[in-house]
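Note: the block below is structure17.txt and it holds compact mmCIF, N, CA, C and O atoms.
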# COMPACT_ATOMS: atom_id res chain seq x y z
N MET A 1 -11.21 -25.85 -2.60
CA MET A 1 -10.58 -24.75 -3.29
C MET A 1 -9.12 -25.11 -3.55
O MET A 1 -8.46 -25.66 -2.70
N GLY A 2 -8.66 -24.73 -4.70
CA GLY A 2 -7.28 -25.01 -5.05
C GLY A 2 -6.46 -23.74 -5.06
O GLY A 2 -6.90 -22.68 -4.66
N ASN A 3 -5.26 -23.90 -5.52
CA ASN A 3 -4.39 -22.74 -5.64
C ASN A 3 -4.82 -21.91 -6.84
O ASN A 3 -5.18 -22.44 -7.88
N HIS A 4 -4.79 -20.61 -6.68
CA HIS A 4 -5.15 -19.71 -7.77
C HIS A 4 -3.94 -18.84 -8.07
O HIS A 4 -3.45 -18.13 -7.21
N GLU A 5 -3.49 -18.91 -9.28
CA GLU A 5 -2.36 -18.09 -9.69
C GLU A 5 -2.90 -16.84 -10.36
O GLU A 5 -3.96 -16.85 -10.96
N PHE A 6 -2.16 -15.75 -10.24
CA PHE A 6 -2.58 -14.51 -10.87
C PHE A 6 -1.36 -13.74 -11.31
O PHE A 6 -0.27 -13.91 -10.80
N CYS A 7 -1.58 -12.86 -12.27
CA CYS A 7 -0.51 -12.01 -12.79
C CYS A 7 -0.17 -10.98 -11.73
O CYS A 7 -1.05 -10.31 -11.19
N GLU A 8 1.09 -10.82 -11.43
CA GLU A 8 1.48 -9.86 -10.39
C GLU A 8 1.31 -8.42 -10.83
O GLU A 8 1.32 -7.51 -10.00
N HIS A 9 1.16 -8.17 -12.12
CA HIS A 9 1.03 -6.81 -12.62
C HIS A 9 -0.42 -6.36 -12.72
O HIS A 9 -0.76 -5.27 -12.25
N CYS A 10 -1.27 -7.18 -13.32
CA CYS A 10 -2.67 -6.76 -13.52
C CYS A 10 -3.66 -7.54 -12.66
O CYS A 10 -4.84 -7.27 -12.69
N HIS A 11 -3.17 -8.52 -11.89
CA HIS A 11 -3.98 -9.34 -10.98
C HIS A 11 -5.06 -10.15 -11.69
O HIS A 11 -6.07 -10.50 -11.09
N GLU A 12 -4.87 -10.46 -12.96
CA GLU A 12 -5.82 -11.30 -13.68
C GLU A 12 -5.64 -12.74 -13.22
O GLU A 12 -4.52 -13.22 -13.05
N ASN A 13 -6.76 -13.46 -13.01
CA ASN A 13 -6.68 -14.86 -12.62
C ASN A 13 -5.98 -15.67 -13.69
O ASN A 13 -6.17 -15.45 -14.87
N ASP A 14 -5.17 -16.60 -13.22
CA ASP A 14 -4.34 -17.42 -14.09
C ASP A 14 -3.37 -16.52 -14.87
O ASP A 14 -3.59 -15.33 -15.02
N PHE A 15 -2.33 -17.09 -15.31
CA PHE A 15 -1.36 -16.31 -16.08
C PHE A 15 -1.84 -16.20 -17.52
O PHE A 15 -2.29 -17.17 -18.11
N HIS A 16 -1.75 -15.02 -18.07
CA HIS A 16 -2.17 -14.81 -19.45
C HIS A 16 -0.93 -14.92 -20.34
O HIS A 16 -0.46 -13.94 -20.90
N ILE A 17 -0.42 -16.12 -20.42
CA ILE A 17 0.81 -16.39 -21.15
C ILE A 17 0.63 -16.06 -22.62
O ILE A 17 -0.32 -16.47 -23.27
N GLY A 18 1.57 -15.27 -23.15
CA GLY A 18 1.53 -14.91 -24.56
C GLY A 18 0.71 -13.68 -24.87
O GLY A 18 0.72 -13.20 -25.99
N ARG A 19 -0.03 -13.18 -23.88
CA ARG A 19 -0.83 -11.97 -24.09
C ARG A 19 -0.31 -10.90 -23.16
O ARG A 19 0.03 -11.17 -22.01
N PRO A 20 -0.29 -9.66 -23.60
CA PRO A 20 0.09 -8.58 -22.69
C PRO A 20 -1.04 -8.29 -21.71
O PRO A 20 -2.18 -8.69 -21.92
N CYS A 21 -0.72 -7.60 -20.64
CA CYS A 21 -1.74 -7.22 -19.65
C CYS A 21 -2.75 -6.28 -20.30
O CYS A 21 -2.41 -5.47 -21.15
N ASP A 22 -4.00 -6.42 -19.88
CA ASP A 22 -5.06 -5.53 -20.34
C ASP A 22 -4.76 -4.12 -19.81
O ASP A 22 -4.64 -3.92 -18.60
N PRO A 23 -4.61 -3.12 -20.70
CA PRO A 23 -4.23 -1.77 -20.26
C PRO A 23 -5.22 -1.15 -19.28
O PRO A 23 -4.82 -0.47 -18.34
N GLU A 24 -6.52 -1.39 -19.45
CA GLU A 24 -7.51 -0.83 -18.54
C GLU A 24 -7.38 -1.45 -17.16
O GLU A 24 -7.44 -0.76 -16.15
N ARG A 25 -7.21 -2.76 -17.13
CA ARG A 25 -7.06 -3.46 -15.86
C ARG A 25 -5.76 -3.05 -15.17
O ARG A 25 -5.73 -2.86 -13.96
N LEU A 26 -4.71 -2.91 -15.95
CA LEU A 26 -3.41 -2.50 -15.42
C LEU A 26 -3.50 -1.09 -14.82
O LEU A 26 -2.97 -0.84 -13.73
N ALA A 27 -4.20 -0.18 -15.49
CA ALA A 27 -4.38 1.18 -14.98
C ALA A 27 -5.19 1.18 -13.68
O ALA A 27 -4.89 1.93 -12.74
N LYS A 28 -6.22 0.32 -13.61
CA LYS A 28 -7.03 0.24 -12.40
C LYS A 28 -6.22 -0.28 -11.23
O LYS A 28 -6.30 0.26 -10.12
N VAL A 29 -5.42 -1.31 -11.44
CA VAL A 29 -4.59 -1.86 -10.38
C VAL A 29 -3.60 -0.81 -9.89
O VAL A 29 -3.39 -0.64 -8.68
N LYS A 30 -3.01 -0.07 -10.82
CA LYS A 30 -2.06 0.98 -10.46
C LYS A 30 -2.74 2.09 -9.66
O LYS A 30 -2.21 2.57 -8.66
N ALA A 31 -3.94 2.50 -10.08
CA ALA A 31 -4.68 3.54 -9.37
C ALA A 31 -5.08 3.08 -7.97
O ALA A 31 -4.99 3.84 -7.00
N ASP A 32 -5.51 1.82 -7.84
CA ASP A 32 -5.87 1.27 -6.54
C ASP A 32 -4.67 1.25 -5.60
O ASP A 32 -4.77 1.57 -4.42
N LYS A 33 -3.52 0.88 -6.14
CA LYS A 33 -2.31 0.83 -5.34
C LYS A 33 -1.93 2.23 -4.85
O LYS A 33 -1.58 2.41 -3.69
N GLU A 34 -2.03 3.22 -5.72
CA GLU A 34 -1.71 4.60 -5.32
C GLU A 34 -2.71 5.11 -4.29
O GLU A 34 -2.33 5.82 -3.35
N THR A 35 -3.98 4.74 -4.42
CA THR A 35 -4.99 5.13 -3.45
C THR A 35 -4.67 4.55 -2.07
O THR A 35 -4.78 5.25 -1.06
N ARG A 36 -4.28 3.28 -2.03
CA ARG A 36 -3.91 2.65 -0.76
C ARG A 36 -2.70 3.33 -0.14
O ARG A 36 -2.66 3.56 1.07
N LYS A 37 -1.70 3.67 -0.96
CA LYS A 37 -0.51 4.34 -0.45
C LYS A 37 -0.86 5.71 0.12
O LYS A 37 -0.36 6.10 1.17
N GLN A 38 -1.71 6.45 -0.59
CA GLN A 38 -2.11 7.78 -0.12
C GLN A 38 -2.89 7.67 1.18
O GLN A 38 -2.69 8.47 2.10
N ARG A 39 -3.77 6.68 1.30
CA ARG A 39 -4.54 6.48 2.52
C ARG A 39 -3.60 6.17 3.68
O ARG A 39 -3.77 6.68 4.80
N GLN A 40 -2.57 5.35 3.42
CA GLN A 40 -1.60 5.02 4.46
C GLN A 40 -0.84 6.28 4.90
O GLN A 40 -0.65 6.51 6.10
N ARG A 41 -0.42 7.11 3.95
CA ARG A 41 0.29 8.35 4.30
C ARG A 41 -0.61 9.28 5.11
O ARG A 41 -0.16 9.89 6.08
N ASP A 42 -1.88 9.39 4.72
CA ASP A 42 -2.83 10.24 5.45
C ASP A 42 -3.03 9.75 6.88
O ASP A 42 -3.03 10.54 7.83
N ASN A 43 -3.22 8.44 7.04
CA ASN A 43 -3.41 7.86 8.37
C ASN A 43 -2.17 8.05 9.23
O ASN A 43 -2.26 8.34 10.42
N GLN A 44 -1.01 7.88 8.62
CA GLN A 44 0.24 8.05 9.34
C GLN A 44 0.38 9.51 9.82
O GLN A 44 0.75 9.76 10.97
N GLN A 45 0.05 10.45 8.96
CA GLN A 45 0.16 11.86 9.34
C GLN A 45 -0.83 12.20 10.44
O GLN A 45 -0.50 12.97 11.36
N ARG A 46 -2.04 11.64 10.41
CA ARG A 46 -3.01 11.88 11.48
C ARG A 46 -2.49 11.35 12.81
O ARG A 46 -2.65 11.98 13.85
N ALA A 47 -1.85 10.18 12.78
CA ALA A 47 -1.29 9.61 14.01
C ALA A 47 -0.16 10.49 14.54
O ALA A 47 -0.07 10.74 15.74
N ILE A 48 0.70 10.98 13.66
CA ILE A 48 1.79 11.86 14.07
C ILE A 48 1.23 13.15 14.66
O ILE A 48 1.69 13.62 15.70
N ASP A 49 0.23 13.72 14.02
CA ASP A 49 -0.39 14.94 14.53
C ASP A 49 -1.01 14.72 15.90
O ASP A 49 -0.92 15.57 16.79
N ALA A 50 -1.64 13.55 16.11
CA ALA A 50 -2.24 13.24 17.40
C ALA A 50 -1.16 13.09 18.48
O ALA A 50 -1.35 13.55 19.61
N LEU A 51 -0.04 12.46 18.14
CA LEU A 51 1.05 12.33 19.10
C LEU A 51 1.61 13.70 19.49
O LEU A 51 1.85 13.98 20.66
N ARG A 52 1.80 14.56 18.50
CA ARG A 52 2.31 15.91 18.78
C ARG A 52 1.31 16.69 19.63
O ARG A 52 1.70 17.43 20.53
N ALA A 53 0.02 16.56 19.34
CA ALA A 53 -1.01 17.25 20.12
C ALA A 53 -1.06 16.74 21.56
O ALA A 53 -1.42 17.49 22.48
N ALA A 54 -0.68 15.48 21.76
CA ALA A 54 -0.68 14.90 23.10
C ALA A 54 0.59 15.26 23.87
O ALA A 54 0.77 14.84 25.01
N GLY A 55 1.51 16.00 23.23
CA GLY A 55 2.70 16.45 23.93
C GLY A 55 3.96 15.66 23.65
O GLY A 55 4.99 15.90 24.26
N PHE A 56 3.90 14.71 22.75
CA PHE A 56 5.09 13.94 22.40
C PHE A 56 5.98 14.79 21.50
O PHE A 56 5.50 15.50 20.63
N THR A 57 7.26 14.71 21.72
CA THR A 57 8.21 15.41 20.85
C THR A 57 8.59 14.49 19.70
O THR A 57 8.36 13.28 19.76
N ASP A 58 9.21 15.04 18.68
CA ASP A 58 9.62 14.23 17.53
C ASP A 58 10.64 13.18 17.93
O ASP A 58 10.78 12.15 17.26
N ALA A 59 11.39 13.42 19.01
CA ALA A 59 12.39 12.45 19.46
C ALA A 59 11.75 11.27 20.19
O ALA A 59 12.40 10.25 20.38
N SER A 60 10.47 11.38 20.58
CA SER A 60 9.84 10.32 21.35
C SER A 60 9.06 9.32 20.48
O SER A 60 8.45 8.39 20.99
N PHE A 61 9.11 9.50 19.17
CA PHE A 61 8.52 8.51 18.27
C PHE A 61 9.28 8.54 16.95
O PHE A 61 9.99 9.49 16.64
N SER A 62 9.14 7.45 16.22
CA SER A 62 9.81 7.39 14.91
C SER A 62 8.92 6.66 13.92
O SER A 62 8.03 5.89 14.30
N VAL A 63 9.18 6.91 12.65
CA VAL A 63 8.45 6.23 11.57
C VAL A 63 9.43 5.27 10.91
O VAL A 63 10.50 5.66 10.46
N GLY A 64 9.07 3.99 10.89
CA GLY A 64 9.94 2.97 10.34
C GLY A 64 9.93 2.93 8.83
O GLY A 64 9.19 3.66 8.16
N GLU A 65 10.73 2.04 8.30
CA GLU A 65 10.90 1.89 6.85
C GLU A 65 9.59 1.57 6.14
O GLU A 65 9.35 2.02 5.03
N TYR A 66 8.72 0.81 6.80
CA TYR A 66 7.48 0.41 6.16
C TYR A 66 6.28 1.23 6.64
O TYR A 66 5.13 0.83 6.48
N GLY A 67 6.55 2.39 7.25
CA GLY A 67 5.48 3.27 7.68
C GLY A 67 4.95 2.97 9.06
O GLY A 67 3.93 3.51 9.46
N HIS A 68 5.61 2.12 9.80
CA HIS A 68 5.16 1.78 11.15
C HIS A 68 5.65 2.84 12.13
O HIS A 68 6.80 3.25 12.08
N LEU A 69 4.77 3.26 13.02
CA LEU A 69 5.14 4.23 14.05
C LEU A 69 5.60 3.49 15.30
O LEU A 69 4.96 2.54 15.74
N THR A 70 6.70 3.94 15.88
CA THR A 70 7.18 3.40 17.13
C THR A 70 7.23 4.55 18.13
O THR A 70 7.82 5.59 17.85
N VAL A 71 6.59 4.36 19.28
CA VAL A 71 6.55 5.38 20.33
C VAL A 71 7.44 4.92 21.46
O VAL A 71 7.33 3.79 21.94
N TYR A 72 8.36 5.79 21.88
CA TYR A 72 9.28 5.49 22.97
C TYR A 72 8.76 6.15 24.23
O TYR A 72 8.57 7.36 24.28
N CYS A 73 8.50 5.35 25.25
CA CYS A 73 7.98 5.89 26.52
C CYS A 73 9.03 5.86 27.60
O CYS A 73 9.91 5.14 27.64
Would you encode the structure as structure tokens?
Amino acid sequence: MGNHEFCEHCHENDFHIGRPCDPERLAKVKADKETRKQRQRDNQQRAIDALRAAGFTDASFSVGEYGHLTVYC
């Protein structure tokens, strides 16, 4: 297997030099990205709710820049 290059916008294999991104493919990539972000926000909120239900206060955990939870014990 060799290196595979892809467009960072529409994720099409190889660069489509001289052609614009396929609008349907671009819309799908954008929708998939938003779905992943929403799933991450939902999972993060469930974790926060579980910590609060377990008796942790808001001062005993934090949410980092990239959505990572840190619990201080």
Members of chain A assigned alpha helix (DSSP H) by DSSP, as a PyMOL selection string: chain A and resi 23-53
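One finds atom N of Asn13 of chain A at 17.4 Å from atom C of Ala31 of chain A.
Atom pair atom CA of His11 of chain A / atom CA of Glu34 of chain A has a distance of 15.2 Å (rounded to one decimal).
Of note, atom CA of Gln40 of chain A and atom CA of His68 of chain A are spaced 10.0 Å apart.
Residues in contact with Pro23 of chain A at up to 12 Å, not including ones fewer than 5 positions away on its chain and judged by only C-alpha atoms, are His9, Cys10, His11, Glu12, Lys28, Val29 and Lys30 of chain A.
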As a compact mmCIF listing (two decimals) with N, CA, C and O atoms, keeping the file's coordinate frame, list the residues of chain A assigned to strand (DSSP E) by DSSP on the backbone atoms of this structure.
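Contents of the output file out_33.txt:
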# COMPACT_ATOMS: atom_id res chain seq x y z
N PHE A 61 9.11 9.50 19.17
CA PHE A 61 8.52 8.51 18.27
C PHE A 61 9.28 8.54 16.95
O PHE A 61 9.99 9.49 16.64
N SER A 62 9.14 7.45 16.22
CA SER A 62 9.81 7.39 14.91
C SER A 62 8.92 6.66 13.92
O SER A 62 8.03 5.89 14.30
N VAL A 63 9.18 6.91 12.65
CA VAL A 63 8.45 6.23 11.57
C VAL A 63 9.43 5.27 10.91
O VAL A 63 10.50 5.66 10.46
N LEU A 69 4.77 3.26 13.02
CA LEU A 69 5.14 4.23 14.05
C LEU A 69 5.60 3.49 15.30
O LEU A 69 4.96 2.54 15.74
N THR A 70 6.70 3.94 15.88
CA THR A 70 7.18 3.40 17.13
C THR A 70 7.23 4.55 18.13
O THR A 70 7.82 5.59 17.85
N VAL A 71 6.59 4.36 19.28
CA VAL A 71 6.55 5.38 20.33
C VAL A 71 7.44 4.92 21.46
O VAL A 71 7.33 3.79 21.94
### Message
With all atoms listed in the file as the counted atoms, please give the residues lying no more than 8 Å from Gly67 of chain A, apart from itself and same-chain residues fewer than 3 positions off, as number ranges by chain.
### Response
A: 40-41, 43-45, 62-64, 70
Counting only N, CA, C and O atoms, closest pick from A:Glu8, A:Gln38, A:Tyr72, A:Asp22 relative to Ala59 of chain A is A:Tyr72
